[in-house]
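Taking it in order: structure first as structure tokens, then the write-up.
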Amino acid sequence: MNAIDILVKEHDSILKMIEITQTILNSKDETNIHLNHIEKIIDFIQNFADKYHHLKEEDVLFMEMEKHGMPREGGPIGVMLHEHDEGRAYIKAAVEGIAKLKAGENSAFTQIKVNLLNYCELLSNHIYKENNILYPMAQRFLPSEILDGMTVDFKEANLSTPNNEYSDKYLVLVNELSIIYLK
Ligand SMILES: [Fe+2]
Ligand SMILES: [Fe+2]
């Protein structure tokens, strides 16, 4: 699998988790929502989507594109980075909502729901742009030896998330929640 294939495959898992999240939060019966599943989804977003996946983009792919002459500001890389930050802000607000809910503030559920649904919409559009515009651009733009070498650099970018166990844990979670929610 080349570097771009690895990123696209991770997108598939993230998109599946987005579908699960939307299914849960758009359910008519909110009393049926399991907070521990929402917390597991947030853990997935913070660690698999944001660390494991976004670090490969930010510390390797975007960096190489920049090094090879694509400006960060005013172009697609700047837009992608901005969207990563927007996503982080939604998740931060959802996490705050969970703390409030646990402290007995029932109205905080809306804060969790709105921010997670906004995140889902943002990230699915973001992934569409990466799969269809930015990654094909990278494949045309970067020399093939750089594209080949990026798989090694990905391992370094993921040093804080060093082994397969880490990604396996989150892939298992996506499967478990898919079985429950996506029929
Ligand atoms: Fe991204
Ligand atoms: Fe991505």
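By convention in this document, the chains of the structure tokens carry letters A, B, ... by their order, each chain's residues are numbered from 1, and ligands are numbered from 1 in the order they are shown.
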
Write out as a short mmCIF file (atom, residue, chain, number, x, y, z; two decimals) with N, CA and C atoms, in the first residue's frame which residues come within 12 Å of Pro143 (chain A) when counting only C-alpha atoms, dropping same-chain ones fewer than 5 positions away.
data_model
loop_
_atom_site.label_atom_id
_atom_site.label_comp_id
_atom_site.auth_asym_id
_atom_site.auth_seq_id
_atom_site.Cartn_x
_atom_site.Cartn_y
_atom_site.Cartn_z
N GLU A 64 5.68 17.81 2.84
CA GLU A 64 6.38 17.49 1.58
C GLU A 64 5.83 18.35 0.44
N MET A 65 4.53 18.57 0.42
CA MET A 65 3.95 19.38 -0.66
C MET A 65 4.48 20.81 -0.57
N LYS A 67 7.37 21.70 0.85
CA LYS A 67 8.79 21.65 0.49
C LYS A 67 8.97 21.64 -1.02
N HIS A 68 8.01 21.05 -1.71
CA HIS A 68 8.13 20.97 -3.17
C HIS A 68 7.41 22.11 -3.87
N MET A 137 -3.79 15.68 -6.37
CA MET A 137 -2.82 16.74 -6.65
C MET A 137 -1.44 16.32 -6.13
N ALA A 138 -1.40 15.75 -4.93
CA ALA A 138 -0.13 15.31 -4.34
C ALA A 138 0.50 14.23 -5.22
N ASP A 148 6.93 7.33 -2.26
CA ASP A 148 7.29 6.00 -1.72
C ASP A 148 7.84 6.12 -0.30
N GLY A 149 8.68 7.15 -0.07
CA GLY A 149 9.33 7.30 1.24
C GLY A 149 8.38 7.73 2.34
N MET A 150 7.24 8.25 1.96
CA MET A 150 6.32 8.77 2.98
C MET A 150 5.78 7.69 3.91
#

Practice item. Identify, counting only C-alpha atoms and all ligand atoms, the protein, DNA and RNA residues located within 12 Å of ligand 1, and give them as an MDAnalysis selection string. Key: chainID A and resid 7:8 10:11 14 49:62 76:88 122:131 133:135

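The residue that comes closest to ligand 2, out of A:Phe48, A:Glu39, A:Leu182, A:Thr31 and on the basis of only C-alpha atoms and all ligand atoms, is A:Phe48.
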
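Residue nearest Lys9 (chain A) within the list A:Ser167, A:Ser27, A:Ser178, A:Gln111: A:Ser167 [criterion: smallest interatomic distance, only C-alpha atoms].
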
Just list the residues in region 1-108 of chain A DSSP gives alpha helix (DSSP H) on the backbone, as a PDB file with C-alpha atoms, in the first residue's frame.
ATOM      1  CA  ALA A   3       1.178   6.458   1.382  1.00  0.00           C
ATOM      2  CA  ILE A   4      -1.927   7.865  -0.286  1.00  0.00           C
ATOM      3  CA  ASP A   5      -3.668   4.459  -0.133  1.00  0.00           C
ATOM      4  CA  ILE A   6      -2.973   4.359   3.624  1.00  0.00           C
ATOM      5  CA  LEU A   7      -4.586   7.785   4.090  1.00  0.00           C
ATOM      6  CA  VAL A   8      -7.621   6.904   1.952  1.00  0.00           C
ATOM      7  CA  LYS A   9      -8.110   3.675   3.917  1.00  0.00           C
ATOM      8  CA  GLU A  10      -8.048   5.656   7.169  1.00  0.00           C
ATOM      9  CA  HIS A  11     -10.653   7.996   5.674  1.00  0.00           C
ATOM     10  CA  ASP A  12     -12.917   4.978   5.128  1.00  0.00           C
ATOM     11  CA  SER A  13     -12.806   4.181   8.862  1.00  0.00           C
ATOM     12  CA  ILE A  14     -13.385   7.829   9.799  1.00  0.00           C
ATOM     13  CA  LEU A  15     -16.352   8.063   7.400  1.00  0.00           C
ATOM     14  CA  LYS A  16     -17.828   4.906   8.919  1.00  0.00           C
ATOM     15  CA  MET A  17     -17.529   6.433  12.400  1.00  0.00           C
ATOM     16  CA  ILE A  18     -19.157   9.640  11.117  1.00  0.00           C
ATOM     17  CA  GLU A  19     -22.096   7.599   9.798  1.00  0.00           C
ATOM     18  CA  ILE A  20     -22.427   5.857  13.178  1.00  0.00           C
ATOM     19  CA  THR A  21     -22.327   9.196  15.012  1.00  0.00           C
ATOM     20  CA  GLN A  22     -24.985  10.726  12.766  1.00  0.00           C
ATOM     21  CA  THR A  23     -27.187   7.658  13.179  1.00  0.00           C
ATOM     22  CA  ILE A  24     -26.942   7.837  16.961  1.00  0.00           C
ATOM     23  CA  LEU A  25     -27.450  11.587  17.279  1.00  0.00           C
ATOM     24  CA  LEU A  35     -23.174   8.219  26.721  1.00  0.00           C
ATOM     25  CA  ASN A  36     -20.365   5.664  26.868  1.00  0.00           C
ATOM     26  CA  HIS A  37     -20.686   5.134  23.098  1.00  0.00           C
ATOM     27  CA  ILE A  38     -20.477   8.890  22.546  1.00  0.00           C
ATOM     28  CA  GLU A  39     -17.345   8.985  24.702  1.00  0.00           C
ATOM     29  CA  LYS A  40     -15.813   6.127  22.707  1.00  0.00           C
ATOM     30  CA  ILE A  41     -16.561   8.014  19.485  1.00  0.00           C
ATOM     31  CA  ILE A  42     -14.869  11.124  20.852  1.00  0.00           C
ATOM     32  CA  ASP A  43     -11.861   9.017  21.862  1.00  0.00           C
ATOM     33  CA  PHE A  44     -11.733   7.667  18.278  1.00  0.00           C
ATOM     34  CA  HIS A  54      -4.023  14.060  10.858  1.00  0.00           C
ATOM     35  CA  LEU A  55      -0.411  13.829  12.058  1.00  0.00           C
ATOM     36  CA  LYS A  56       0.446  11.904   8.877  1.00  0.00           C
ATOM     37  CA  PHE A  62       1.450  18.626   3.662  1.00  0.00           C
ATOM     38  CA  MET A  63       5.061  19.271   4.684  1.00  0.00           C
ATOM     39  CA  GLU A  64       6.379  17.487   1.577  1.00  0.00           C
ATOM     40  CA  MET A  65       3.947  19.379  -0.655  1.00  0.00           C
ATOM     41  CA  GLU A  66       5.128  22.624   0.871  1.00  0.00           C
ATOM     42  CA  LYS A  67       8.792  21.650   0.493  1.00  0.00           C
ATOM     43  CA  PRO A  76      -5.549  23.986  -0.404  1.00  0.00           C
ATOM     44  CA  ILE A  77      -3.042  23.070   2.338  1.00  0.00           C
ATOM     45  CA  GLY A  78      -3.996  26.180   4.319  1.00  0.00           C
ATOM     46  CA  VAL A  79      -7.675  25.327   3.919  1.00  0.00           C
ATOM     47  CA  MET A  80      -7.131  21.732   5.091  1.00  0.00           C
ATOM     48  CA  LEU A  81      -5.140  22.876   8.152  1.00  0.00           C
ATOM     49  CA  HIS A  82      -7.813  25.392   9.018  1.00  0.00           C
ATOM     50  CA  GLU A  83     -10.465  22.668   8.820  1.00  0.00           C
ATOM     51  CA  HIS A  84      -8.421  20.393  11.121  1.00  0.00           C
ATOM     52  CA  ASP A  85      -8.465  23.248  13.660  1.00  0.00           C
ATOM     53  CA  GLU A  86     -12.182  23.850  13.191  1.00  0.00           C
ATOM     54  CA  GLY A  87     -12.767  20.153  13.881  1.00  0.00           C
ATOM     55  CA  ARG A  88     -10.688  20.365  17.066  1.00  0.00           C
ATOM     56  CA  ALA A  89     -12.810  23.280  18.276  1.00  0.00           C
ATOM     57  CA  TYR A  90     -16.043  21.315  17.749  1.00  0.00           C
ATOM     58  CA  ILE A  91     -14.633  18.336  19.639  1.00  0.00           C
ATOM     59  CA  LYS A  92     -13.394  20.535  22.483  1.00  0.00           C
ATOM     60  CA  ALA A  93     -16.902  21.975  22.851  1.00  0.00           C
ATOM     61  CA  ALA A  94     -18.436  18.468  22.755  1.00  0.00           C
ATOM     62  CA  VAL A  95     -16.030  17.304  25.484  1.00  0.00           C
ATOM     63  CA  GLU A  96     -17.022  20.307  27.602  1.00  0.00           C
ATOM     64  CA  GLY A  97     -20.651  19.346  27.025  1.00  0.00           C
ATOM     65  CA  ILE A  98     -19.974  15.834  28.336  1.00  0.00           C
ATOM     66  CA  ALA A  99     -18.410  17.235  31.514  1.00  0.00           C
ATOM     67  CA  LYS A 100     -21.442  19.473  32.068  1.00  0.00           C
ATOM     68  CA  LEU A 101     -23.840  16.600  31.429  1.00  0.00           C
ATOM     69  CA  LYS A 102     -21.995  14.418  33.921  1.00  0.00           C
ATOM     70  CA  ALA A 108     -25.715  20.189  27.863  1.00  0.00           C
TER      71      ALA A 108
END

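Shortest separation to ligand 2 among A:Thr110, A:Asn132, A:Ile180, A:Pro71 occurs at residue A:Asn132, atoms counted being only C-alpha atoms and all ligand atoms.
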
**Study point:** Nearest-residue call for ligand 2, choices A:Ser160, A:Lys155, A:Asp29, A:Ile45, using only C-alpha atoms and all ligand atoms
**Key:** A:Ile45

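CA of Asn175 (chain A) to CA of Met1 (chain A) spans 21.8 Å [interatomic distance, one decimal].
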